[in-house]
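What follows is a set of notes on a single structure, which appears directly below.
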Amino acid sequence: MLGDRSDVAGPGGAVTSVDRVAIVTGGGRGIGAASAHALANRGACVVVAARTRNQIESVAREIRAAGGEATAISVDVANEASVGHLLSETERVYGAPTILVNCAGVYGPIGPIRDNDAAKWAAAIAINLVGTFLCCRAAIEPMSRQGGGRIINMSGGGATAPLPRFSAYAASKAGVVRFSETLAEEVASLGIAVNSIAPGAIDTTLQDEVLAAGEAAGPLLARIKAMRETGAGGTPIDVPVSLMVYLAFDAPVGLTGRLIAAPHDPWREWTPEQIAAMGGTPWYTLRRIDPHTIRPLKDQI
């Protein structure tokens, strides 16, 4: 375990937070890798976690080469014992985590539901949803010992609207959002904030899977093809990563239980009064729309 924890003032008076210990699952590539770098840039000790050893070791080396602190720990997020090992090794090396970013995810079977392999469908749920549950559950106790923490879970396409031909992915991501809302209420008294990020259409290896699936991918195929061909229409990876950093370091702990769309929601403009007013409302959550649940946020301040 590294030395005593204390916040220090960085450039411009920002909190560099050398005491923060962050775990990033799915940290070997895509949003996970970018998140690991961003957390390290803010001074956190970062555990880069995923199944593919060479990828997470590469990311950890890059962080250390840039002057940050990082280590790589292999994990299968769908395996309870493996997640337990991740948390115990994190505490052994750096101490108890105060930040958890769950980026591990897969599409699962692509194609009409009637053609989906049941085992592959269940495996996607195990990684995306059960994996998020296992990592969050394991982090609660060590975070509570530190007086609180921040948990950020990645949502995705299908969480708030149907995503034909990607039923396992859509179901798992909707589950992640509702699980995050539920967890947020359970751990609020422990000083732990829990939020979900809808990252937008990021150009990652998941998009490669859509292209490889061809017509089985349905309507999403044309959208991804157009984005790749024109180089426009997607969301730059720094957009969801910037939101992740805000939630991990800068947001008030009262901002919790929310699903925030990184490229669309005005999270950069939210005032403390607006954030406080969100509490107990359906704004930025997964809810049925009806006259009883929707009321302008401005009317609640």
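By order in the structure tokens, chains are A, B, ...; within a chain, residues start at 1; ligands start at 1, following the order shown.
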Report the closest atom pair, with its distance in Å rounded to one decimal, for each residue of range 175-199 of chain A that has an atom no farther than 8 Å from range 284-293 of chain A; count only C-alpha atoms, sort by chain and then rising residue number, and write it as CSV.
residue,atom,partner,partner_atom,distance
A:Val177,CA,A:Leu286,CA,7.0
A:Arg178,CA,A:Leu286,CA,6.7
A:Glu181,CA,A:Thr285,CA,7.6
Please save N, CA and C atoms of the selected residues as a tab-separated table (two decimals), in the first residue's frame.
chain	number	residue	atom	x	y	z
A	177	VAL	N	-28.50	0.41	-15.75
A	177	VAL	CA	-29.01	1.72	-15.32
A	177	VAL	C	-29.92	1.59	-14.11
A	178	ARG	N	-30.88	0.66	-14.16
A	178	ARG	CA	-31.79	0.52	-13.02
A	178	ARG	C	-31.05	0.00	-11.78
A	181	GLU	N	-29.32	2.99	-10.25
A	181	GLU	CA	-30.25	3.84	-9.51
A	181	GLU	C	-30.58	3.23	-8.14
Let's see if you can do this: from backbone DSSP, list all strand (DSSP E or B) residues in range 62-250 of chain A, as a PyMOL selection string.
chain A and resi 69-74+99-102+149-154+192-198
Go ahead and write the selection's residues with C-alpha atoms as a PDB file, in the first residue's frame.
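Saved the output as part_9.pdb:
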ATOM      1  CA  GLU A  69       0.838   5.529 -11.129  1.00  0.00           C
ATOM      2  CA  ALA A  70      -0.830   2.374 -12.443  1.00  0.00           C
ATOM      3  CA  THR A  71      -0.803  -1.379 -12.183  1.00  0.00           C
ATOM      4  CA  ALA A  72      -2.508  -4.097 -14.219  1.00  0.00           C
ATOM      5  CA  ILE A  73      -4.658  -6.803 -12.609  1.00  0.00           C
ATOM      6  CA  SER A  74      -6.399  -9.472 -14.657  1.00  0.00           C
ATOM      7  CA  ILE A  99     -13.319   5.286  -7.483  1.00  0.00           C
ATOM      8  CA  LEU A 100     -14.771   2.425  -9.524  1.00  0.00           C
ATOM      9  CA  VAL A 101     -15.396   2.790 -13.257  1.00  0.00           C
ATOM     10  CA  ASN A 102     -17.129  -0.200 -14.842  1.00  0.00           C
ATOM     11  CA  GLY A 149     -16.488   6.937  -3.019  1.00  0.00           C
ATOM     12  CA  ARG A 150     -17.659   7.319  -6.593  1.00  0.00           C
ATOM     13  CA  ILE A 151     -19.002   4.535  -8.789  1.00  0.00           C
ATOM     14  CA  ILE A 152     -19.474   5.196 -12.506  1.00  0.00           C
ATOM     15  CA  ASN A 153     -21.139   2.564 -14.682  1.00  0.00           C
ATOM     16  CA  MET A 154     -21.299   2.612 -18.466  1.00  0.00           C
ATOM     17  CA  ILE A 192     -20.979   6.736  -2.102  1.00  0.00           C
ATOM     18  CA  ALA A 193     -22.351   8.319  -5.284  1.00  0.00           C
ATOM     19  CA  VAL A 194     -23.408   6.039  -8.149  1.00  0.00           C
ATOM     20  CA  ASN A 195     -24.148   7.231 -11.677  1.00  0.00           C
ATOM     21  CA  SER A 196     -24.437   5.816 -15.182  1.00  0.00           C
ATOM     22  CA  ILE A 197     -22.991   7.353 -18.332  1.00  0.00           C
ATOM     23  CA  ALA A 198     -24.534   7.033 -21.780  1.00  0.00           C
TER      24      ALA A 198
END
Find, counting only C-alpha atoms, the residue in A:Ile110, A:Ala174, A:Val245, A:Ala81 that gets nearest to Ala22 in chain A.
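Residue with the minimum atom-to-atom distance to Ala22 in chain A: A:Val245.
The interatomic distance for the pair CA of Asp265 in chain A and CA of Ala49 in chain A works out to 28.8 Å.
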Can you pull out the residues contacting Gly279 in chain A? Cut-off 12 Å, using only C-alpha atoms, and skip same-chain residues under 2 positions away; I want them as a list of chain:residue names.
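Residues near the query, excluding close chain neighbours: A:Glu181, A:Ala184, A:Glu185, A:Ala188, A:Val253, A:Gly254, A:Leu255, A:Thr256, A:Gly257, A:Arg258, A:Pro272, A:Glu273, A:Gln274, A:Ile275, A:Ala276, A:Ala277, A:Thr281, A:Pro282, A:Trp283, A:Tyr284, A:Thr285, A:Leu297, A:Gln300, A:Ile301.
The smallest atom-to-atom distance between Ser88 in chain A and any of A:Val59, A:Val48, A:Leu221, A:Ala138, using only C-alpha atoms, is found for A:Ala138.
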Could you name the residues that touch Ile127 in chain A at 9 Å or less, counting only C-alpha atoms, but leaving out those on the same chain fewer than 4 positions away, as an MDAnalysis selection string?
chainID A and resid 76:79 104:106 122:123 131:132 172
What does the file look like for those residues with C-alpha atoms, as a compact mmCIF listing (two decimals), in the first residue's frame?
# COMPACT_ATOMS: atom_id res chain seq x y z
CA ASP A 76 -13.10 -11.84 -15.22
CA VAL A 77 -15.86 -9.54 -14.01
CA ALA A 78 -18.45 -12.31 -14.36
CA ASN A 79 -16.56 -14.49 -11.87
CA ALA A 104 -16.19 -3.98 -19.21
CA GLY A 105 -18.81 -4.91 -21.77
CA VAL A 106 -19.63 -6.99 -24.83
CA ALA A 122 -26.56 -15.32 -21.05
CA ALA A 123 -22.80 -14.72 -21.21
CA GLY A 131 -20.15 -8.16 -13.73
CA THR A 132 -21.22 -4.63 -12.85
CA SER A 172 -28.07 -5.75 -19.95
I'd like the interatomic distance between CA of Gln207 in chain A and CA of Leu220 in chain A, to a tenth of an Å.
9.6 Å
Would you return as JSON, numbers by chain the members of range 109-254 of chain A that DSSP assigns to alpha helix (DSSP H) on this structure's backbone?
{"A": [118, 119, 120, 121, 122, 123, 124, 125, 131, 132, 133, 134, 135, 136, 137, 138, 139, 140, 141, 142, 143, 144, 145, 167, 168, 169, 170, 171, 172, 173, 174, 175, 176, 177, 178, 179, 180, 181, 182, 183, 184, 185, 186, 187, 205, 206, 207, 208, 209, 210, 211, 212, 213, 219, 220, 221, 222, 223, 224, 225, 226, 227, 228, 229, 230, 238, 239, 240, 241, 242, 243, 244, 245]}
One decimal place gives the CA of Arg268 in chain A-CA of Ala251 in chain A separation as 10.0 Å
